[in-house]
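Student: target.cif is the file, holding mmCIF, C-alpha atoms:
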data_entry
#
loop_
_atom_site.label_atom_id
_atom_site.label_comp_id
_atom_site.auth_asym_id
_atom_site.auth_seq_id
_atom_site.Cartn_x
_atom_site.Cartn_y
_atom_site.Cartn_z
CA ASP Y 18 131.37 -261.13 13.21
CA GLN Y 19 132.69 -260.28 9.76
CA GLN Y 20 133.83 -263.34 7.87
CA VAL Y 21 135.06 -261.31 4.89
CA LYS Y 22 137.00 -258.12 5.56
CA GLN Y 23 138.17 -255.37 3.30
CA ASN Y 24 140.21 -253.21 5.63
CA SER Y 25 140.82 -250.32 3.27
CA PRO Y 26 137.66 -248.28 2.71
CA SER Y 27 139.33 -246.33 -0.06
CA LEU Y 28 142.31 -246.38 -2.41
CA SER Y 29 143.62 -243.72 -4.77
CA VAL Y 30 145.87 -244.62 -7.70
CA GLN Y 31 147.35 -242.78 -10.66
CA GLU Y 32 146.18 -243.77 -14.14
CA GLY Y 33 148.48 -246.36 -15.70
CA ARG Y 34 149.72 -247.65 -12.35
CA ILE Y 35 148.76 -250.85 -10.57
CA SER Y 36 145.79 -250.98 -8.22
CA ILE Y 37 145.91 -253.63 -5.49
CA LEU Y 38 142.78 -254.31 -3.50
CA ASN Y 39 142.97 -256.63 -0.53
CA CYS Y 40 140.56 -258.95 1.21
CA ASP Y 41 140.88 -261.20 4.25
CA TYR Y 42 138.59 -263.99 5.35
CA THR Y 43 138.19 -266.04 8.51
CA ASN Y 44 136.06 -269.03 7.50
CA SER Y 45 138.17 -272.02 6.45
CA MET Y 46 135.16 -273.50 4.69
CA PHE Y 47 135.22 -270.82 1.99
CA ASP Y 48 136.37 -272.40 -1.26
CA TYR Y 49 135.29 -269.94 -3.94
CA PHE Y 50 136.01 -266.25 -4.08
CA LEU Y 51 134.76 -263.47 -6.32
CA TRP Y 52 135.33 -259.80 -6.98
CA TYR Y 53 132.54 -257.46 -8.01
CA LYS Y 54 132.69 -253.87 -9.16
CA LYS Y 55 129.88 -251.47 -8.34
CA TYR Y 56 129.11 -248.04 -9.77
CA PRO Y 57 126.65 -245.72 -7.99
CA ALA Y 58 123.00 -246.49 -8.74
CA GLU Y 59 123.88 -249.80 -10.37
CA GLY Y 60 124.03 -253.39 -9.22
CA PRO Y 61 127.35 -255.16 -8.59
CA THR Y 62 129.04 -256.40 -11.76
CA PHE Y 63 130.94 -259.68 -11.67
CA LEU Y 64 134.64 -259.21 -12.45
CA ILE Y 65 136.63 -262.33 -11.73
CA SER Y 66 136.59 -265.39 -9.49
CA ILE Y 67 138.98 -267.99 -8.15
CA SER Y 68 138.54 -271.46 -6.75
CA SER Y 69 140.52 -272.54 -3.70
CA ILE Y 70 142.34 -275.14 -5.77
CA LYS Y 71 144.14 -272.32 -7.58
CA ASP Y 72 146.34 -269.52 -6.34
CA LYS Y 73 145.99 -267.20 -9.32
CA ASN Y 74 143.44 -266.37 -11.99
CA GLU Y 75 143.88 -263.80 -14.72
CA ASP Y 76 141.44 -262.08 -17.04
CA GLY Y 77 142.82 -259.25 -19.11
CA ARG Y 78 143.89 -256.40 -16.84
CA PHE Y 79 142.49 -258.16 -13.76
CA THR Y 80 144.33 -260.80 -11.73
CA VAL Y 81 143.20 -262.35 -8.47
CA PHE Y 82 145.69 -263.98 -6.12
CA LEU Y 83 144.71 -266.35 -3.34
CA ASN Y 84 146.87 -267.20 -0.33
CA LYS Y 85 144.99 -269.87 1.55
CA SER Y 86 147.44 -270.20 4.40
CA ALA Y 87 147.07 -266.49 5.12
CA LYS Y 88 143.35 -266.49 4.29
CA HIS Y 89 144.01 -263.54 2.03
CA LEU Y 90 143.17 -262.61 -1.51
CA SER Y 91 143.97 -259.62 -3.63
CA LEU Y 92 142.81 -258.11 -6.89
CA HIS Y 93 145.40 -256.48 -9.14
CA ILE Y 94 144.36 -254.11 -11.90
CA VAL Y 95 147.09 -253.29 -14.40
CA PRO Y 96 147.13 -250.74 -15.87
CA SER Y 97 144.52 -248.80 -13.93
CA GLN Y 98 142.15 -246.61 -15.93
CA PRO Y 99 139.84 -243.79 -14.81
CA GLY Y 100 136.85 -245.96 -15.76
CA ASP Y 101 137.95 -248.42 -13.08
CA SER Y 102 136.90 -245.91 -10.42
CA ALA Y 103 134.17 -247.72 -8.48
CA VAL Y 104 133.55 -249.65 -5.27
CA TYR Y 105 135.05 -253.14 -5.34
CA PHE Y 106 133.53 -255.93 -3.27
CA CYS Y 107 135.20 -259.15 -2.32
CA ALA Y 108 132.84 -262.12 -1.80
CA ALA Y 109 133.25 -265.71 -0.65
CA SER Y 110 131.23 -268.89 -0.80
CA ALA Y 111 131.42 -271.99 1.38
CA GLY Y 112 130.47 -274.50 -1.24
CA GLY Y 113 127.56 -276.82 -1.81
CA SER Y 114 124.65 -276.06 -4.07
CA GLN Y 115 123.39 -273.16 -2.02
CA GLY Y 116 125.87 -270.65 -3.34
CA ASN Y 117 125.00 -267.70 -1.14
CA LEU Y 118 127.82 -265.19 -1.05
CA ILE Y 119 129.35 -263.46 1.96
CA PHE Y 120 130.51 -259.97 1.03
CA GLY Y 121 133.06 -257.57 2.43
CA LYS Y 122 132.10 -253.93 2.91
CA GLY Y 123 133.92 -252.77 -0.17
CA THR Y 124 136.87 -250.59 -1.15
CA LYS Y 125 136.30 -247.41 -3.12
CA LEU Y 126 138.93 -247.11 -5.85
CA SER Y 127 139.68 -243.74 -7.40
CA VAL Y 128 141.91 -243.70 -10.45
CA LYS Y 129 143.22 -240.22 -11.17
CA PRO Y 130 144.11 -239.14 -14.71
CA ASP D 10 123.45 -255.09 -18.55
CA SER D 11 123.47 -258.32 -16.51
CA GLY D 12 120.13 -259.53 -17.87
CA VAL D 13 118.57 -259.48 -14.39
CA THR D 14 115.70 -257.01 -14.09
CA GLN D 15 114.22 -255.53 -10.95
CA THR D 16 111.18 -253.35 -10.42
CA PRO D 17 110.53 -250.81 -9.15
CA LYS D 18 113.79 -248.89 -9.21
CA HIS D 19 112.74 -246.64 -6.33
CA LEU D 20 110.10 -247.04 -3.66
CA ILE D 21 109.06 -244.58 -0.97
CA THR D 22 106.62 -245.70 1.67
CA ALA D 23 105.65 -245.17 5.30
CA THR D 24 106.33 -247.16 8.43
CA GLY D 25 103.94 -250.04 8.97
CA GLN D 26 103.27 -250.50 5.27
CA ARG D 27 103.90 -253.51 3.05
CA VAL D 28 105.73 -253.54 -0.29
CA THR D 29 106.60 -256.09 -2.94
CA LEU D 30 109.82 -256.07 -4.91
CA ARG D 31 110.00 -257.99 -8.15
CA CYS D 32 112.92 -259.71 -9.89
CA SER D 33 113.27 -261.50 -13.21
CA PRO D 34 116.40 -263.65 -13.51
CA ARG D 35 118.56 -264.03 -16.60
CA SER D 36 117.11 -266.30 -19.22
CA GLY D 37 117.84 -269.90 -18.25
CA ASP D 38 118.94 -269.18 -14.67
CA LEU D 39 117.05 -271.25 -12.11
CA SER D 40 118.45 -269.73 -8.92
CA VAL D 41 117.41 -266.36 -7.54
CA TYR D 42 119.06 -264.70 -4.55
CA TRP D 43 117.99 -261.64 -2.59
CA TYR D 44 120.45 -259.35 -0.83
CA GLN D 45 120.07 -256.21 1.27
CA GLN D 46 122.59 -253.39 1.33
CA SER D 47 122.10 -250.91 4.16
CA LEU D 48 124.07 -247.71 4.66
CA ASP D 49 127.76 -248.48 5.31
CA GLN D 50 127.11 -252.21 5.10
CA GLY D 51 128.17 -254.77 2.60
CA LEU D 52 125.59 -256.87 0.88
CA GLN D 53 123.77 -259.18 3.27
CA PHE D 54 122.29 -262.39 1.93
CA LEU D 55 118.59 -262.77 2.65
CA ILE D 56 117.23 -265.80 0.85
CA GLN D 57 117.73 -268.10 -2.16
CA TYR D 58 115.22 -269.90 -4.34
CA TYR D 59 116.00 -272.61 -6.85
CA ASN D 60 113.40 -273.58 -9.43
CA GLY D 61 110.53 -272.51 -7.21
CA GLU D 62 111.78 -273.94 -3.94
CA GLU D 63 113.48 -272.21 -1.05
CA ARG D 64 117.10 -273.37 -0.96
CA ALA D 65 118.85 -271.26 1.68
CA LYS D 66 118.03 -268.61 4.22
CA GLY D 67 120.30 -265.90 5.56
CA ASN D 68 119.65 -262.88 7.72
CA ILE D 69 116.05 -262.48 6.69
CA LEU D 70 113.59 -261.00 9.16
CA GLU D 71 110.32 -262.78 9.91
CA ARG D 72 108.51 -259.72 8.51
CA PHE D 73 110.09 -260.48 5.13
CA SER D 74 109.13 -263.31 2.83
CA ALA D 75 109.83 -264.33 -0.74
CA GLN D 76 108.66 -266.70 -3.39
CA GLN D 77 109.66 -267.85 -6.85
CA PHE D 78 106.96 -268.45 -9.42
CA PRO D 79 106.73 -271.10 -12.18
CA ASP D 80 108.05 -268.58 -14.73
CA LEU D 81 111.07 -268.20 -12.37
CA HIS D 82 110.51 -264.57 -11.48
CA SER D 83 110.71 -263.86 -7.78
CA GLU D 84 109.07 -261.45 -5.38
CA LEU D 85 110.34 -260.21 -2.04
CA ASN D 86 107.59 -259.08 0.32
CA LEU D 87 108.46 -256.68 3.12
CA SER D 88 105.76 -256.01 5.71
CA SER D 89 105.31 -253.90 8.85
CA LEU D 90 108.07 -251.71 7.51
CA GLU D 91 110.37 -249.88 9.89
CA LEU D 92 112.73 -246.96 9.28
CA GLY D 93 115.67 -249.37 9.48
CA ASP D 94 114.40 -251.32 6.49
CA SER D 95 115.44 -248.45 4.24
CA ALA D 96 118.11 -249.96 2.03
CA LEU D 97 119.04 -251.15 -1.42
CA TYR D 98 117.60 -254.55 -2.25
CA PHE D 99 119.39 -256.56 -4.92
CA CYS D 100 118.32 -259.65 -6.72
CA ALA D 101 120.87 -261.96 -8.35
CA SER D 102 120.61 -265.08 -10.45
CA SER D 103 123.03 -267.84 -11.30
CA VAL D 104 123.54 -270.47 -13.95
CA ALA D 105 122.30 -273.92 -13.04
CA GLY D 106 125.35 -276.08 -12.37
CA HIS D 107 127.55 -273.12 -11.48
CA PRO D 108 125.69 -271.59 -8.58
CA ARG D 109 128.39 -269.44 -7.13
CA THR D 110 128.90 -266.85 -9.85
CA GLN D 111 125.91 -264.59 -9.43
CA TYR D 112 124.75 -261.83 -11.72
CA PHE D 113 123.05 -258.90 -10.07
CA GLY D 114 120.16 -256.70 -11.07
CA PRO D 115 120.20 -252.90 -10.74
CA GLY D 116 118.49 -252.99 -7.35
CA THR D 117 115.45 -251.40 -5.74
CA ARG D 118 116.07 -248.46 -3.45
CA LEU D 119 113.54 -248.53 -0.62
CA LEU D 120 112.99 -245.51 1.58
CA VAL D 121 110.74 -245.88 4.61
CA LEU D 122 109.58 -242.56 6.08
#
Could you express the structure from this file as C-alpha cells?
Tutor:
Amino acid sequence: DQQVKQNSPSLSVQEGRISILNCDYTNSMFDYFLWYKKYPAEGPTFLISISSIKDKNEDGRFTVFLNKSAKHLSLHIVPSQPGDSAVYFCAASAGGSQGNLIFGKGTKLSVKP
Amino acid sequence: DSGVTQTPKHLITATGQRVTLRCSPRSGDLSVYWYQQSLDQGLQFLIQYYNGEERAKGNILERFSAQQFPDLHSELNLSSLELGDSALYFCASSVAGHPRTQYFGPGTRLLVL
C-alpha cells in the first residue's frame, strides 16, 4: 500500500523549459512534504519542503505547490538545466517528533541540451 | 556534501553472514535515521534514534538491529543475511527541533552473494 506515489517513472525536458514533477499521497495525516534529488552513487540531497499550512514554497528555480484537497503536490523547475538531470523523490511526514519520511519511488528527470 | 558520513561505501558478503554499517551524523544533529533502498523501490524507513534512544521503528526485520552511541554515531547490524538484503542502506540525520528535514549520507551498497 503506497502512501506516496510518483506515477511518472521518467520525464524528459528541453533545457530552458519548465520541468513539472508530480506526487500524490493518500494519508491525510501527512503535514510536511519534501523533495529530494538523487544522482547515481550518491545519497539523496534535500531540495525544498513545504508545510501543509502553505500551498506554495519557492527557492530559486525550484517551487513546490501543495493542493491538500487533491492530496497532490508538484515540483516546478524553471528554467531546467542539464545539471538537473537526476532522480527526484517526493517524501512526506505525518508529524510529531519522530520525523520518519515516507518516500515515493522517484521520477527520473532528463534535461536535454 | 551533506556532512553525514557512512562507512563502508561498498560491502560484499555471503548469505548467512553478519555485517555492521556505520554512520556519523552532521555535527550537532541528535537524530539518526536508517533507510533501505532495494532495486526498483523507494527508500524504506527502518529505524530512528534520538540522542541514544530508539525513537521510531519502521519496516525493520528482526534480523536487523541498530544502536546510537554516546558520541551520536550509529551502527546498523544486519545478521543471517539473505540474497534479498542486497540493497543500498542510507543513514540520515536531522537538526534537533526540526526533525523532518533530513540530510542523507552517501550510502552503503551491500551485495549478498
Student: Hey, can you check how far CA of Leu118 (chain Y) sits from CA of Ile35 (chain Y)?
Tutor: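 Atom-to-atom, CA of Leu118 (chain Y) to CA of Ile35 (chain Y), that is 27.1 Å.
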Student: With only C-alpha atoms considered, list every residue of chain Y at most 9 Å from chain D, as a compact mmCIF listing (two decimals) with C-alpha atoms, in the frame of the given file.
Tutor:
# COMPACT_ATOMS: atom_id res chain seq x y z
CA TYR Y 49 135.29 -269.94 -3.94
CA PHE Y 50 136.01 -266.25 -4.08
CA LEU Y 51 134.76 -263.47 -6.32
CA ALA Y 58 123.00 -246.49 -8.74
CA GLU Y 59 123.88 -249.80 -10.37
CA GLY Y 60 124.03 -253.39 -9.22
CA PRO Y 61 127.35 -255.16 -8.59
CA THR Y 62 129.04 -256.40 -11.76
CA PHE Y 63 130.94 -259.68 -11.67
CA SER Y 66 136.59 -265.39 -9.49
CA PHE Y 106 133.53 -255.93 -3.27
CA ALA Y 109 133.25 -265.71 -0.65
CA SER Y 110 131.23 -268.89 -0.80
CA GLY Y 112 130.47 -274.50 -1.24
CA GLY Y 113 127.56 -276.82 -1.81
CA SER Y 114 124.65 -276.06 -4.07
CA GLN Y 115 123.39 -273.16 -2.02
CA GLY Y 116 125.87 -270.65 -3.34
CA ASN Y 117 125.00 -267.70 -1.14
CA LEU Y 118 127.82 -265.19 -1.05
CA ILE Y 119 129.35 -263.46 1.96
CA PHE Y 120 130.51 -259.97 1.03
CA GLY Y 121 133.06 -257.57 2.43
CA LYS Y 122 132.10 -253.93 2.91
CA GLY Y 123 133.92 -252.77 -0.17
Student: Which residue gives the smallest distance to Ser95 (chain D) among D:Cys32, D:Leu39, D:Ala75, D:Leu120, with all atoms listed in the file counted?
Tutor: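 Closest to Ser95 (chain D) of all the choices is D:Leu120.
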Student: Using all atoms listed in the file, which protein or nucleic acid residues come within 9 Å of Asp38 (chain D)? Drop anything in the same chain fewer than 4 positions from it, and give the result as a PyMOL selection string.
Tutor: chain D and resi 34+60+81+102-105
Student: Taking the file above as input, evaluate the PyMOL selection byres ((chain Y and resi 72-89) around 9) and report the hits as a ChimeraX atom specification.
Tutor: /Y:39-45,50-52,64-71,90-97
Student: Could you expand the PyMOL selection byres ((chain Y and resi 126) around 9) into the explicit residues it covers here, written as a PDB file with C-alpha atoms, in the coordinates of the input?
Tutor:
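And here's part27.pdb as it stands now:
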ATOM      1  CA  PRO Y  26     137.660-248.280   2.710  1.00  0.00           C
ATOM      2  CA  SER Y  27     139.330-246.330  -0.060  1.00  0.00           C
ATOM      3  CA  LEU Y  28     142.310-246.380  -2.410  1.00  0.00           C
ATOM      4  CA  SER Y  29     143.620-243.720  -4.770  1.00  0.00           C
ATOM      5  CA  VAL Y  30     145.870-244.620  -7.700  1.00  0.00           C
ATOM      6  CA  SER Y  36     145.790-250.980  -8.220  1.00  0.00           C
ATOM      7  CA  LEU Y  38     142.780-254.310  -3.500  1.00  0.00           C
ATOM      8  CA  ASP Y 101     137.950-248.420 -13.080  1.00  0.00           C
ATOM      9  CA  SER Y 102     136.900-245.910 -10.420  1.00  0.00           C
ATOM     10  CA  ALA Y 103     134.170-247.720  -8.480  1.00  0.00           C
ATOM     11  CA  VAL Y 104     133.550-249.650  -5.270  1.00  0.00           C
ATOM     12  CA  TYR Y 105     135.050-253.140  -5.340  1.00  0.00           C
ATOM     13  CA  THR Y 124     136.870-250.590  -1.150  1.00  0.00           C
ATOM     14  CA  LYS Y 125     136.300-247.410  -3.120  1.00  0.00           C
ATOM     15  CA  SER Y 127     139.680-243.740  -7.400  1.00  0.00           C
ATOM     16  CA  VAL Y 128     141.910-243.700 -10.450  1.00  0.00           C
TER      17      VAL Y 128
END
Student: From the set D:Gln15, D:Gln45, D:Ser89, D:Asn68, which residue has the shortest atom-to-atom contact distance to Arg31 (chain D), counting all atoms listed in the file?
Tutor: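 Among the listed residues, the smallest separation from Arg31 (chain D) belongs to D:Gln15.
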Student: Would you please work out which residue, of D:Gly61, D:Val121, D:Ser74, D:Gly37, is nearest to Glu91 (chain D) when using only C-alpha atoms?
Tutor: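 Among the listed residues, the smallest separation from Glu91 (chain D) belongs to D:Val121.
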Student: Could you work out how far CA of Ser47 (chain D) lies from CA of Gly93 (chain D), giving the answer in Å with one decimal?
Tutor: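 Here the two named atoms are 8.5 Å from each other.
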